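So this one's start-v2.txt, compact mmCIF, C-alpha atoms and all ligand atoms:
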```txt
# COMPACT_ATOMS: atom_id res chain seq x y z
CA MET A 1 -64.15 56.34 266.04
CA PRO A 2 -61.95 55.76 269.08
CA GLU A 3 -62.58 57.70 272.24
CA ALA A 4 -60.15 60.44 273.14
CA SER A 5 -57.69 58.87 275.57
CA ASN A 6 -54.17 59.27 276.79
CA ALA A 7 -53.08 57.01 273.92
CA THR A 8 -54.80 59.12 271.25
CA ARG A 9 -53.40 62.27 272.86
CA GLN A 10 -49.86 60.96 272.43
CA ILE A 11 -50.41 59.87 268.84
CA ILE A 12 -51.97 63.21 267.91
CA GLN A 13 -49.11 65.09 269.55
CA ARG A 14 -46.60 63.02 267.59
CA ASN A 15 -48.52 63.57 264.33
CA TRP A 16 -48.75 67.31 264.94
CA ASP A 17 -45.03 67.54 265.68
CA GLN A 18 -44.30 65.61 262.47
CA VAL A 19 -46.54 67.83 260.38
CA ARG A 20 -44.95 70.95 261.84
CA GLY A 21 -41.54 69.49 261.12
CA GLY A 22 -42.55 68.56 257.58
CA VAL A 23 -43.87 72.05 256.90
CA ALA A 24 -40.71 73.61 258.36
CA ASP A 25 -38.56 71.35 256.15
CA ALA A 26 -40.57 72.29 253.07
CA CYS A 27 -40.19 75.98 253.93
CA ARG A 28 -36.45 75.58 254.38
CA ALA A 29 -36.18 73.76 251.05
CA ALA A 30 -37.98 76.71 249.42
CA SER A 31 -35.83 79.26 251.31
CA ARG A 32 -38.90 80.58 253.05
CA PRO A 33 -39.29 81.30 256.77
CA SER A 34 -41.49 78.66 258.38
CA ASP A 35 -43.82 81.27 259.87
CA ASP A 36 -44.80 82.09 256.26
CA VAL A 37 -47.09 79.08 256.24
CA LEU A 38 -50.16 78.65 258.42
CA ILE A 39 -51.15 75.06 259.10
CA VAL A 40 -54.91 74.64 259.09
CA GLY A 41 -55.59 71.38 260.92
CA VAL A 42 -58.53 69.73 259.20
CA SER A 43 -60.69 68.16 261.88
CA LYS A 44 -63.53 66.87 259.69
CA TYR A 45 -62.50 63.24 260.21
CA VAL A 46 -62.89 63.20 264.00
CA ASP A 47 -65.23 64.19 266.80
CA ALA A 48 -64.95 67.20 269.10
CA PRO A 49 -62.92 65.56 271.92
CA LEU A 50 -60.27 64.30 269.47
CA THR A 51 -60.26 67.70 267.79
CA MET A 52 -59.48 69.27 271.16
CA GLN A 53 -56.53 66.93 271.56
CA LEU A 54 -55.11 68.46 268.39
CA VAL A 55 -55.61 71.92 269.87
CA ALA A 56 -53.85 70.80 273.04
CA ALA A 57 -50.99 69.51 270.90
CA GLY A 58 -50.52 73.05 269.57
CA CYS A 59 -52.74 73.49 266.52
CA HIS A 60 -54.85 76.61 266.96
CA THR A 61 -56.33 76.95 263.49
CA LEU A 62 -58.90 74.34 262.51
CA GLY A 63 -60.64 73.72 259.22
CA GLU A 64 -64.02 72.08 258.62
CA ASN A 65 -65.67 71.50 255.27
CA ARG A 66 -69.28 71.22 256.45
CA PRO A 67 -71.00 73.96 258.40
CA GLN A 68 -73.18 71.47 260.29
CA ALA A 69 -70.02 69.83 261.63
CA LEU A 70 -68.35 73.13 262.45
CA TRP A 71 -71.19 74.50 264.60
CA PRO A 72 -71.21 71.91 267.39
CA LYS A 73 -67.42 71.62 267.43
CA GLN A 74 -67.00 75.35 267.76
CA GLU A 75 -69.42 75.33 270.68
CA TYR A 76 -67.62 72.41 272.30
CA ALA A 77 -64.24 74.10 271.84
CA GLU A 78 -65.48 77.35 273.27
CA SER A 79 -66.79 75.73 276.41
CA SER A 80 -63.77 73.49 276.92
CA LEU A 81 -61.34 76.37 276.41
CA ALA A 82 -63.34 78.86 278.48
CA ALA A 83 -61.18 78.36 281.54
CA SER A 84 -57.88 78.63 279.67
CA ASN A 85 -56.32 81.47 277.74
CA SER A 86 -56.24 79.33 274.66
CA ALA A 87 -58.38 80.07 271.63
CA VAL A 88 -59.17 78.39 268.35
CA SER A 89 -59.62 80.04 265.02
CA TRP A 90 -62.07 78.26 262.69
CA HIS A 91 -61.71 78.25 258.94
CA MET A 92 -64.49 77.09 256.63
CA ILE A 93 -62.79 75.18 253.81
CA GLY A 94 -65.74 73.56 252.04
CA HIS A 95 -68.77 74.77 250.16
CA LEU A 96 -70.98 77.09 252.18
CA GLN A 97 -74.66 77.05 251.25
CA ARG A 98 -76.36 80.41 251.49
CA ASN A 99 -78.90 79.18 254.02
CA LYS A 100 -76.01 78.36 256.40
CA ILE A 101 -74.37 81.79 256.23
CA ARG A 102 -76.15 83.41 259.15
CA ARG A 103 -75.16 80.74 261.63
CA THR A 104 -71.64 80.21 260.27
CA LEU A 105 -70.35 83.72 259.71
CA PRO A 106 -69.97 84.78 263.34
CA LEU A 107 -67.94 81.64 264.08
CA ILE A 108 -65.25 81.74 261.41
CA ASP A 109 -62.13 83.79 260.79
CA CYS A 110 -61.69 82.82 257.16
CA LEU A 111 -63.70 81.33 254.31
CA HIS A 112 -61.50 79.46 251.82
CA SER A 113 -64.22 78.49 249.39
CA LEU A 114 -65.91 81.49 247.82
CA ASP A 115 -67.11 80.10 244.51
CA SER A 116 -70.00 82.19 243.21
CA LEU A 117 -71.21 85.73 243.01
CA ARG A 118 -74.50 84.71 244.59
CA LEU A 119 -72.63 83.48 247.63
CA ALA A 120 -70.44 86.59 247.68
CA THR A 121 -73.47 88.86 247.61
CA ALA A 122 -75.20 86.99 250.41
CA LEU A 123 -72.03 86.93 252.50
CA SER A 124 -71.54 90.63 251.98
CA GLU A 125 -75.06 91.40 253.18
CA GLU A 126 -74.69 89.33 256.33
CA ALA A 127 -71.17 90.60 257.07
CA GLN A 128 -72.46 94.17 256.90
CA ARG A 129 -75.45 93.32 259.06
CA ILE A 130 -73.25 91.97 261.86
CA GLY A 131 -70.51 94.52 261.28
CA ILE A 132 -67.57 92.37 260.26
CA GLN A 133 -65.07 92.11 257.43
CA LEU A 134 -64.81 88.48 256.46
CA PRO A 135 -61.36 87.34 255.29
CA THR A 136 -62.20 85.41 252.14
CA LEU A 137 -60.32 83.33 249.58
CA VAL A 138 -61.65 82.60 246.13
CA GLU A 139 -61.64 78.93 245.21
CA VAL A 140 -60.21 78.35 241.76
CA ASN A 141 -60.13 75.22 239.66
CA VAL A 142 -56.87 75.10 237.73
CA THR A 143 -57.09 71.38 237.03
CA ARG A 144 -58.85 70.07 233.96
CA ASP A 145 -60.98 68.05 236.30
CA GLU A 146 -64.65 68.91 235.88
CA SER A 147 -65.52 67.24 239.15
CA LYS A 148 -63.33 69.61 241.16
CA THR A 149 -65.04 72.59 242.69
CA GLY A 150 -64.14 76.24 242.26
CA LEU A 151 -64.29 78.88 239.57
CA PRO A 152 -62.43 78.39 236.30
CA ALA A 153 -59.38 80.64 236.00
CA SER A 154 -60.96 82.38 233.00
CA ALA A 155 -63.85 83.60 235.18
CA LEU A 156 -61.63 85.20 237.81
CA PRO A 157 -60.94 88.67 236.38
CA GLU A 158 -64.61 89.52 236.13
CA PHE A 159 -65.49 87.72 239.35
CA LEU A 160 -62.85 89.60 241.33
CA GLU A 161 -63.90 92.91 239.90
CA GLN A 162 -67.44 92.32 241.10
CA ALA A 163 -66.67 90.63 244.41
CA SER A 164 -64.05 93.16 245.46
CA ALA A 165 -66.67 95.90 245.22
CA LEU A 166 -68.82 94.19 247.86
CA PRO A 167 -68.53 95.63 251.36
CA GLY A 168 -67.93 93.21 254.22
CA LEU A 169 -65.71 90.87 252.22
CA ALA A 170 -61.95 91.13 252.56
CA LEU A 171 -60.62 89.24 249.54
CA GLN A 172 -57.22 87.99 250.56
CA GLY A 173 -56.22 85.33 248.09
CA LEU A 174 -56.94 82.12 246.25
CA MET A 175 -57.61 78.56 247.31
CA ALA A 176 -57.04 75.53 245.11
CA MET A 177 -56.72 71.78 245.15
CA SER A 178 -54.47 69.78 242.88
CA SER A 179 -55.80 66.90 240.85
CA ARG A 180 -53.06 64.68 242.33
CA SER A 181 -53.55 64.25 246.05
CA ALA A 182 -50.34 62.21 246.15
CA GLY A 183 -48.26 65.17 244.99
CA GLY A 184 -45.61 64.96 242.27
CA ASP A 185 -44.76 67.10 239.27
CA GLU A 186 -48.31 67.53 238.02
CA ALA A 187 -49.47 68.80 241.44
CA ARG A 188 -46.54 71.18 241.49
CA ARG A 189 -47.38 72.53 238.02
CA GLU A 190 -50.97 73.10 239.10
CA PHE A 191 -49.88 75.01 242.22
CA ALA A 192 -47.48 77.07 240.13
CA ALA A 193 -50.40 77.91 237.84
CA VAL A 194 -52.38 79.18 240.83
CA ARG A 195 -49.52 81.43 241.90
CA GLN A 196 -49.07 82.76 238.35
CA LEU A 197 -52.79 83.39 238.11
CA ARG A 198 -52.65 85.35 241.36
CA ASP A 199 -49.71 87.38 240.07
CA GLU A 200 -51.52 88.17 236.81
CA LEU A 201 -54.71 89.15 238.59
CA THR A 202 -52.98 91.52 240.99
CA ALA A 203 -50.87 93.04 238.19
CA ARG A 204 -53.97 93.53 236.06
CA SER A 205 -55.75 95.33 238.91
CA GLY A 206 -52.99 97.92 238.95
CA GLY A 207 -52.48 97.61 242.70
CA GLN A 208 -56.20 97.74 243.54
CA LEU A 209 -56.16 94.10 244.57
CA THR A 210 -53.56 92.37 246.68
CA LEU A 211 -54.06 88.67 247.09
CA PRO A 212 -51.29 87.66 249.48
CA GLU A 213 -52.77 84.36 250.63
CA LEU A 214 -52.54 81.10 248.71
CA SER A 215 -54.37 78.23 250.41
CA MET A 216 -53.07 75.13 248.70
CA GLY A 217 -51.62 71.81 249.74
CA MET A 218 -53.07 68.93 251.74
CA SER A 219 -51.60 65.84 253.41
CA GLY A 220 -50.16 64.37 250.22
CA ASP A 221 -49.02 67.48 248.38
CA PHE A 222 -48.19 70.22 250.89
CA ARG A 223 -44.47 70.09 250.02
CA GLU A 224 -45.17 70.91 246.37
CA ALA A 225 -47.61 73.62 247.43
CA ILE A 226 -45.11 75.26 249.77
CA ALA A 227 -42.47 75.13 247.04
CA GLU A 228 -44.87 77.12 244.86
CA GLY A 229 -45.79 79.74 247.42
CA ALA A 230 -48.62 78.38 249.59
CA THR A 231 -49.23 80.51 252.67
CA MET A 232 -51.85 78.17 254.13
CA VAL A 233 -51.85 74.39 253.97
CA ARG A 234 -54.98 72.44 254.87
CA ILE A 235 -53.84 69.22 256.47
CA GLY A 236 -56.16 66.46 257.60
CA SER A 237 -55.46 62.74 257.20
CA ILE A 238 -51.85 62.64 258.35
CA LEU A 239 -52.83 64.30 261.63
CA TRP A 240 -55.12 61.38 262.40
CA ASP A 241 -52.80 58.56 261.34
CA GLY A 242 -52.89 55.81 263.90
CA VAL A 243 -55.97 57.31 265.54
CA LEU A 244 -58.59 56.33 263.00
CA ASP A 245 -56.93 53.21 261.66
CA GLY A 246 -55.02 52.06 264.67
C1 LIG A 301 -60.54 67.22 253.70
C2 LIG A 301 -59.98 68.43 253.09
C3 LIG A 301 -58.62 68.73 253.22
C4 LIG A 301 -57.63 67.82 253.94
O1 LIG A 301 -57.23 66.81 253.09
P1 LIG A 301 -56.23 65.64 253.60
O2 LIG A 301 -55.81 64.99 252.34
O3 LIG A 301 -57.02 64.78 254.49
O4 LIG A 301 -55.10 66.30 254.27
C5 LIG A 301 -58.16 69.91 252.65
N1 LIG A 301 -58.98 70.75 251.98
C6 LIG A 301 -60.30 70.50 251.84
C7 LIG A 301 -61.15 71.46 251.10
C8 LIG A 301 -60.84 69.33 252.39
O5 LIG A 301 -62.15 69.08 252.24
```
For this file, write the structure as structure tokens.
Amino acid sequence: MPEASNATRQIIQRNWDQVRGGVADACRAASRPSDDVLIVGVSKYVDAPLTMQLVAAGCHTLGENRPQALWPKQEYAESSLAASNSAVSWHMIGHLQRNKIRRTLPLIDCLHSLDSLRLATALSEEAQRIGIQLPTLVEVNVTRDESKTGLPASALPEFLEQASALPGLALQGLMAMSSRSAGGDEARREFAAVRQLRDELTARSGGQLTLPELSMGMSGDFREAIAEGATMVRIGSILWDGVLDG
């Protein structure tokens, strides 16, 4: 990994500006305001100093998929931002093991990857203990791909009924990945299926549940995701173009 330098700072700034522009274009194409879509900058590919160059470029929401990587970066960010008014919001986008909950929960503003009732129960207990409401998205697998993570769509009605009764969890939406990281029609159909599933689930709950957030879309398929209603896109690789391979 290259060291953070003036050269990497410039590349990261350019990448961030391009991603913001790309998201704004996709919003315009879908007749949506661009502040409808939160860009979660996925920092899992780089170290803490490079991550902070992305923050300096303007990205204030960061996603990590491994708790052990999030912890030290959060600490680094906190100390390097202490003197400024700037802050970073951390989102956990990958699987969270129950034995990592205690250390992770106080550091994050959103969990995108709730995928079992056991995890939900443990999260609820810890959230109550420390007195927070954790914004949480349920990860759903709408692809036919067994290797993808998340709950099958058929399990969601019962899962949501149980999870929404747990104190400390604020269920705010669904997260999904397409089976086609390069985008295209199949990715778009899968994202549309996630939106329809969300609509059915909220209708079925008779207004008890609102699930306004849809976390879907990555570097290769965020345009399709935004066209189908994504409110959060999790973008990694294209932010580090020219940094990791150049
Ligand atoms: C790594 C990762 C991303 C980012 O994917 P890119 O294709 O690098 O943009 C998004 N979501 C999750 C869950 C990830 O693990």
>> With all atoms listed in the file as the counted atoms, please give the residues lying no more than 8 Å from A:His112, apart from itself and same-chain residues fewer than 3 positions off, as a PyMOL selection string.
In response: chain A and resi 91-94+136-139+174-175+215
> Pick the closest to ligand LIG 301 (chain A) from A:Arg28, A:Arg103, A:Arg204, A:Lys148: which is it, counting only C-alpha atoms and all ligand atoms?
Replying inline: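 Closest to ligand LIG 301 (chain A), using only C-alpha atoms and all ligand atoms: A:Lys148.
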>> For a quick check of understanding, using all atoms listed in the file, which of A:Leu166, A:Leu81, A:Cys110, A:Val40 has the smallest distance to ligand LIG 301 (chain A)?
In response: A:Val40
Between chain A and ligand LIG 301 (chain A), at 6 Å or less, what are the per-residue closest atom pairs and their distances in Å? Count all atoms listed in the file, order by chain and rising residue number, and return it as a tab-separated table.
```
residue	atom	partner	partner_atom	distance
A:Val42	CA	A:LIG301	C4	5.7
A:Asn65	CA	A:LIG301	O5	5.2
A:Ile93	CA	A:LIG301	C7	4.9
A:Gly94	CA	A:LIG301	C7	5.1
A:Met218	CA	A:LIG301	O4	4.2
A:Ser219	CA	A:LIG301	O4	3.6
A:Arg234	CA	A:LIG301	C5	4.6
A:Ile235	CA	A:LIG301	O4	3.9
A:Gly236	CA	A:LIG301	O4	3.5
A:Ser237	CA	A:LIG301	O3	3.7
```
>> Using all atoms listed in the file for the distances, tell me which of A:Ser164, A:Gln13, A:Gln208, A:Asn85 is nearest to A:Gln53.
In response: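 Nearest to A:Gln53: A:Gln13.
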>> What does the structure give for the distance between atom CA of A:Ser124 and atom CA of A:Ala165, in Å to one decimal?
In response: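 About the pair atom CA of A:Ser124 and atom CA of A:Ala165: they are 9.9 Å apart.
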>> I'd like to know which of A:Arg102, A:Lys73, A:Arg14, A:His60 is closest to A:Ser86, using all atoms listed in the file.
In response: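 Comparing A:Arg102, A:Lys73, A:Arg14, A:His60 against A:Ser86, the winner is A:His60.
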>> One decimal, in Å: what's the spacing between atom CA of A:Glu64 and atom CA of A:Tyr45?
In response: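 Interatomic distance, atom CA of A:Glu64 to atom CA of A:Tyr45: 9.1 Å.
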